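Trainee: Supplied in structure tokens, the structure appears directly below.
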Amino acid sequence: MLQPSRRIPYRTWPGALAILLAIAAYVGGLTFWNNHTPGSRPLPAGETVSVAHARFEPAPGWQMDVSRSKAGQSLMLFKGGHKFLVTTHLWMGGPDGPMVRQQRLMERGQGLTVEGDVSDFVTGWGLQGKTFAYYGAKLAGRFWQVVDTPRRSLVQIDVYGPTDGFNEALADARRMLDSMDLEAPL
């Protein structure tokens with residue numbers, strides 16, 4: 001009678017243990033990195049910051065949100081629960097297209113209410129564009145937009161946050177906007 005072949009025993013636990021240790025080291029390393037990398041960065045007082053060709057001087061007390069800022073495209077500052085976002089894009093259309101889209105996004109997409117009509121603004125540096133205010137149940141904000149058609153650039157500035165303390169944040173945002181110019185080297 002034939003005997004069944006006998007299986008040669010081999011050990012799987014060393015390989016499984018090595019894989020488990022590699023996964024634990026990878027996840028642990030990522031967790032360590034995340035916990036020791038700051039999400040915000042204080043900005044030096046009196047120095048200008050640049051986002052593509054737009055530059056301005058941050059108001060005291062505002063910090064940069066590193067995780068929500070993209071080099072050369074956007075810069076997010078925050079102070080308490082209030083946010084100040086500057087984004088830049090290339091633009092090849094007319095000056096009103098992005099403003100209409102932004103209003104539509106806020107009203108329909110985010111359920112916010114645009115307050116009043118779009119109005120023009122001019123800063124001390126001669127920067128001019130359009131602006132509007134908006135609000136929600138627990139949120140207030142103001143949006144500014146500058147379109148430079150000869151340079152094919154679009155700069156959008158948005159300040160928003162809880163209604164408590166929004167007037168102080170808006171005053172800081174206006175100071176930052178007043179210090180802004182679009183002549184930074186690319």
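In the structure tokens, chains take letters A, B, ... by order of appearance, with residues numbered from 1 within each chain and ligands from 1 in the order shown.
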Taking the DSSP assignment computed from this structure's backbone, write out as JSON, numbers by chain all residues of stretch 86-139 of chain A that belong to strand (DSSP E).

Mentor: {"A": [86, 87, 88, 89, 90, 113, 114, 115, 116, 117, 118, 119, 120, 121, 122, 128, 129, 130, 131, 132, 133, 134, 135, 139]}

Trainee: Could you please determine the separation between atom CA of A:Pro14 and atom CA of A:Trp33 in Å, to one decimal place?

Mentor: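 Value for the atom CA of A:Pro14-atom CA of A:Trp33 distance: 28.2 Å.
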
Trainee: I want to know what sits within 9 Å of A:Ser67, based on only C-alpha atoms, with residues of the same chain fewer than 2 positions away left out; could you give that as a ChimeraX atom specification?

Mentor: /A:39-40,64-65,69-70,76

Trainee: Could those residues be written to a file, using N, CA, C and O atoms, as a PDB file, in the first residue's frame?

Mentor:
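As written to disk, out-v3.pdb reads:
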ATOM      1  N   GLY A  39       1.803  72.186  11.864  1.00  0.00           N
ATOM      2  CA  GLY A  39       0.807  72.499  10.845  1.00  0.00           C
ATOM      3  C   GLY A  39       0.693  73.980  10.588  1.00  0.00           C
ATOM      4  O   GLY A  39       0.104  74.416   9.617  1.00  0.00           O
ATOM      5  N   SER A  40       1.258  74.779  11.486  1.00  0.00           N
ATOM      6  CA  SER A  40       1.215  76.225  11.315  1.00  0.00           C
ATOM      7  C   SER A  40       2.622  76.787  11.490  1.00  0.00           C
ATOM      8  O   SER A  40       3.478  76.169  12.111  1.00  0.00           O
ATOM      9  N   MET A  64       0.632  81.146   9.250  1.00  0.00           N
ATOM     10  CA  MET A  64       0.424  80.435   7.986  1.00  0.00           C
ATOM     11  C   MET A  64      -0.015  79.004   8.264  1.00  0.00           C
ATOM     12  O   MET A  64       0.581  78.315   9.089  1.00  0.00           O
ATOM     13  N   ASP A  65      -1.062  78.565   7.598  1.00  0.00           N
ATOM     14  CA  ASP A  65      -1.511  77.176   7.659  1.00  0.00           C
ATOM     15  C   ASP A  65      -0.740  76.411   6.585  1.00  0.00           C
ATOM     16  O   ASP A  65      -1.064  76.501   5.406  1.00  0.00           O
ATOM     17  N   SER A  69      -1.756  75.528   2.355  1.00  0.00           N
ATOM     18  CA  SER A  69      -1.090  76.455   1.433  1.00  0.00           C
ATOM     19  C   SER A  69      -0.331  75.647   0.392  1.00  0.00           C
ATOM     20  O   SER A  69       0.275  74.637   0.707  1.00  0.00           O
ATOM     21  N   LYS A  70      -0.392  76.108  -0.853  1.00  0.00           N
ATOM     22  CA  LYS A  70       0.330  75.444  -1.942  1.00  0.00           C
ATOM     23  C   LYS A  70       1.301  76.446  -2.542  1.00  0.00           C
ATOM     24  O   LYS A  70       0.899  77.526  -2.947  1.00  0.00           O
ATOM     25  N   MET A  76      -2.721  80.291   2.896  1.00  0.00           N
ATOM     26  CA  MET A  76      -3.788  80.364   3.895  1.00  0.00           C
ATOM     27  C   MET A  76      -3.183  80.853   5.205  1.00  0.00           C
ATOM     28  O   MET A  76      -2.238  80.261   5.714  1.00  0.00           O
TER      29      MET A  76
END

Trainee: Of the residues A:Val27, A:Glu183, A:Pro150, A:Trp144, which is the one nearest to A:Thr123, using only C-alpha atoms?

Mentor: A:Trp144

Trainee: Of the candidates A:Pro4, A:Gly111, A:Gly141, A:Pro58, which shows the shortest atom-to-atom distance to A:Arg175, using only C-alpha atoms?

Mentor: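 Counting only C-alpha atoms, the residue closest to A:Arg175 is A:Pro58.
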
Trainee: Please determine, counting only C-alpha atoms, which residue among A:Met180, A:Ala173, A:Ala45, A:Val86 has the shortest atom-to-atom distance to A:Gly124.

Mentor: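 Distance minimum relative to A:Gly124 lands on A:Met180.
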
Trainee: Measure the distance from atom CA of A:Leu182 to atom CA of A:Leu127 in Å and round it to one decimal.

Mentor: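 Going from atom CA of A:Leu182 over to atom CA of A:Leu127 covers 8.0 Å.
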
Trainee: Extract, using only C-alpha atoms, all DNA, RNA and protein residues at most 8 Å from stretch 112-119 of chain A, discarding same-chain residues fewer than 2 positions from it, and format them as an MDAnalysis selection string.

Mentor: chainID A and resid 103 106:108 110 121 130:136

Trainee: Between A:Leu2, A:Leu43, A:Ala25, A:Met99, which has the minimum distance to A:Lys79 (counting only C-alpha atoms)?

Mentor: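 Closest residue, counting only C-alpha atoms: A:Leu43.
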
Trainee: Can you list, as a ChimeraX atom specification, every protein, DNA or RNA residue that comes within 10 Å of A:Val49 when you count only C-alpha atoms, leaving out same-chain residues fewer than 3 positions away?

Mentor: /A:43-44,46,52,54-58,75,180,184

Trainee: Could you check how far atom CA of A:Pro60 sits from atom CA of A:Thr87, in Å to one decimal?

Mentor: 20.5 Å

Trainee: Please provide as a list in words all residues within 7 Å of stretch 157-165 of chain A, with the sequence filter that same-chain residues fewer than 4 positions apart are discarded (counting only C-alpha atoms).

Mentor: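 Neighbouring residues, sequence-local ones excluded: Gly81, His82, Lys83, Phe84, Leu85, Val86, Thr87, Lys138, Leu139, Ala140, Gly141, Arg142, Phe143, Trp144, Gln145, Ala169, Leu170 and Ala173 of chain A.
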